[in-house]
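In what follows, a structure is listed as structure tokens, so that the remarks can point back to it.
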Amino acid sequence: MLAIRTRHRKAATFAAVAVLAGLAAPSLTASPATATTTTNTDYDSTYYKDAIGKTGTSLKSSLHTIISDQTKLSYSAVWDALKATDEDPDNSGNVILLYSGVSRSKSLNGGDTGDWNREHVWAKSHGDFGTSTGPGTDIHHLRPSDVRVNSVRGNKDFDNGGSAVSEGGGSLTDSDSFEPRDAVKGDVARMIFYMAVRYEGGDGFADLEVNGQVDNGSNPYIGKLSVLKAWNEEDPPDAFEEHRNQVAYDDYQHNRNPFVDHPEWVESIW
């Protein structure tokens with residue numbers, strides 16, 4: 001397994017400031033806890049150098065140019081790629097399934113009950129790109145998922161609420177939306193934002209965009225923007241997600257998901 005690169009975090013600084021502020025002027029009312037955003041600056045002077053200091057549409061445009069320089073995989077090659085990117089750190093013979101969190105044998109990839117398959121987090125019908133080389137094979141949004149749980153998610157947009165998905169690890173669903181388990185809500189959000197920046201209408205594919213609604217059907221949109229932004233804040237990148245980004249960059253597509261490295265860029269753009 002590749003070593004996870006050193007992450008430069010703001011957590012210690014923020015915590016120290018918060019403690020000092022609390023000693024100087026205690027708050028009279030409690031405020032809800034918020035997750036600390038982590039930032040990987042390892043690539044700021046190289047890979048992201050043309051994006052640093054920009055915001056809004058300028059930042060989105062720069063990131064699009066940067067991450068569009070990638071090696072594209074065939075759909076069949078995605079199987080082997082996912083066995084590396086999503087390998088269980090405690091069992092090299094298994095992968096971790098996105099929605100359920102279950103560790104399952106790499107050899108159980110397929111389409112039968114009990115197998116895992118290739119989940120398009122940006123549902124492939126939203127923009128009608130199918131499994132075409134490009135958005136349909138981009139491992140920055142393709143993840144191993146239990147076949148049955150994947151079927152429950154279908155092509156639903158993302159939102160809060162619904163009934164528990166059987167063996168879904170805490171995921172919820174209703175008629176027009178899906179809510180993944182808490183541990184991967186930020187992962188899902190950052191994959192969606194990656195797709196909206198990477199696929200801007202070139203390469204013969206639709207311009208993918210995040211919007212403020214659900215039930216988008218076959219339109220090239222996925223929602224719900226406000227919910228996805230909240231998930232990005234509540235569930236910052238962890239070691240598994242960071243390692244996954246590194247393996248995809250080093251060994252497969254040679255591009256990165258910028259929102260794993262800089263989750264604060266979500267707010268800068270949207």
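Residue numbers start at 1 in each chain; chains themselves are named A, B, ... in the order of the structure tokens; ligands are numbered from 1 in the order shown.
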Practice prompt. Select from segment 19-165 of chain A everything DSSP, run on the backbone, classes as strand (DSSP E or B), then give the selection as a ChimeraX atom specification.
Written response: /A:38-39,87-88,91-96,103-105,109,116-120,142-146,157-158,163-164
Discussion item. Please identify the alpha helix (DSSP H) residues within segment 68-123 of chain A (assignment by DSSP from backbone atoms) and present them as a list in words.
Written reply: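 Everything in segment 68-123 of chain A that counts as alpha helix (DSSP H) is Ala77, Val78, Trp79, Asp80, Ala81, Leu82, Lys83, Ala84 and Thr85 of chain A.
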Discussion item. Could you check the closest approach to Glu264 of chain A for each of A:Thr46, A:Thr55, A:Asn94, A:Thr131 and tell me which residue wins, using only C-alpha atoms?
Written reply: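 Going through A:Thr46, A:Thr55, A:Asn94, A:Thr131 one by one, the smallest distance to Glu264 of chain A is for A:Thr55.
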Discussion item. Which residue is closest to Ser105 of chain A? Choose from A:Lys229, A:His254, A:Arg190, A:Lys83 and count only C-alpha atoms.
Written reply: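 Using only C-alpha atoms, Ser105 of chain A sits closest to A:Lys83.
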Discussion item. So that I can check the surroundings of Leu98 of chain A, please list as a list in words every protein, DNA and RNA residue that reaches within 9 Å of it, counting only C-alpha atoms and ignoring chain neighbours fewer than 4 positions away.
Written reply: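 Once the nearby chain positions are removed, what remains is Asp86, Val102, Glu119, Arg143, Pro144, Ser145, Asp146, Pro180, Arg181 and Val184 of chain A.
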Fill in: Test item: residues at most 9 Å from Ser68 of chain A, only C-alpha atoms, excluding those fewer than 3 positions along its chain, as an MDAnalysis selection string
chainID A and resid 63:65 198:199 255
Tell me, as a PDB file with C-alpha atoms, in the first residue's frame, which residues lie within 12 Å of Gly154 of chain A, counting only C-alpha atoms; anything in the same chain fewer than 6 positions away does not count.
ATOM      1  CA  GLU A 119     -21.312   2.471  -8.448  1.00  0.00           C
ATOM      2  CA  HIS A 120     -21.471   5.732 -10.389  1.00  0.00           C
ATOM      3  CA  VAL A 121     -21.834   8.249  -7.568  1.00  0.00           C
ATOM      4  CA  TRP A 122     -22.778  10.839 -10.182  1.00  0.00           C
ATOM      5  CA  ALA A 123     -25.552   8.667 -11.597  1.00  0.00           C
ATOM      6  CA  LYS A 124     -24.674   7.900 -15.213  1.00  0.00           C
ATOM      7  CA  SER A 125     -28.206   8.686 -16.402  1.00  0.00           C
ATOM      8  CA  HIS A 126     -27.792  12.299 -15.186  1.00  0.00           C
ATOM      9  CA  SER A 145     -20.903  -0.886  -3.720  1.00  0.00           C
ATOM     10  CA  VAL A 147     -25.113  -4.847  -5.695  1.00  0.00           C
ATOM     11  CA  ARG A 148     -28.424  -4.644  -3.859  1.00  0.00           C
ATOM     12  CA  THR A 173     -33.672   6.593   1.035  1.00  0.00           C
ATOM     13  CA  ASP A 174     -37.065   7.820  -0.103  1.00  0.00           C
ATOM     14  CA  SER A 175     -38.802   8.094  -3.478  1.00  0.00           C
ATOM     15  CA  ASP A 176     -36.486  10.707  -4.973  1.00  0.00           C
ATOM     16  CA  SER A 177     -33.298  10.888  -2.892  1.00  0.00           C
ATOM     17  CA  PHE A 178     -30.583   8.933  -1.122  1.00  0.00           C
ATOM     18  CA  ASP A 215     -35.609  14.332  -8.970  1.00  0.00           C
ATOM     19  CA  GLY A 217     -34.082  12.629 -13.986  1.00  0.00           C
TER      20      GLY A 217
END
Practice prompt. May I ask for the distance between atom CA of Pro236 of chain A and atom CA of Gly186 of chain A, given in Å to one decimal place?
Written response: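 Distance between the two atoms: 6.0 Å.
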Response to the item:
Using only C-alpha atoms, the best pick from A:Glu267, A:Asp261, A:Asp69, A:Asp251 as closest to Asp44 of chain A would be A:Asp261
Fill in: Distance in Å - atom CA of Trp116 of chain A versus atom CA of Gln253 of chain A
22.0 Å
Fill in: Ile192 of chain A environment, 8 Å, only C-alpha atoms, sequence neighbours closer than 4 positions dropped, as a list of chain:residue names
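Close residues of Ile192 of chain A: A:Val121, A:Trp122, A:His141, A:Val188, A:Ala196, A:Val210, A:Ile222.
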Worksheet item: Within 12 Å of Asp182 of chain A, counting only C-alpha atoms, which residues qualify if same-chain residues fewer than 3 places away don't, as a PyMOL selection string?
Response: chain A and resi 98-101+160+168-172+179+185-189+230-236
Worksheet item: Quick one, how far is atom CA of His140 of chain A from atom CA of Arg256 of chain A?
Response: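 Separating atom CA of His140 of chain A from atom CA of Arg256 of chain A is a distance of 8.0 Å.
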Worksheet item: Nearest to Leu82 of chain A among A:Thr41, A:Lys106, A:Ala183, A:Ile52, with distances taken over only C-alpha atoms: which residue is it?
Response: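 Counting only C-alpha atoms, the residue closest to Leu82 of chain A is A:Lys106.
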Discussion item. Could you check the closest approach to Leu97 of chain A for each of A:Met195, A:Val149, A:Val247, A:Val165 and tell me which residue wins, using only C-alpha atoms?
Written reply: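 With only C-alpha atoms as the atom set, the closest residue is A:Val149.
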Response to the item:
Counting only C-alpha atoms, closest pick from A:Val152, A:Ser107, A:Thr113, A:Tyr75 relative to Gly136 of chain A is A:Tyr75
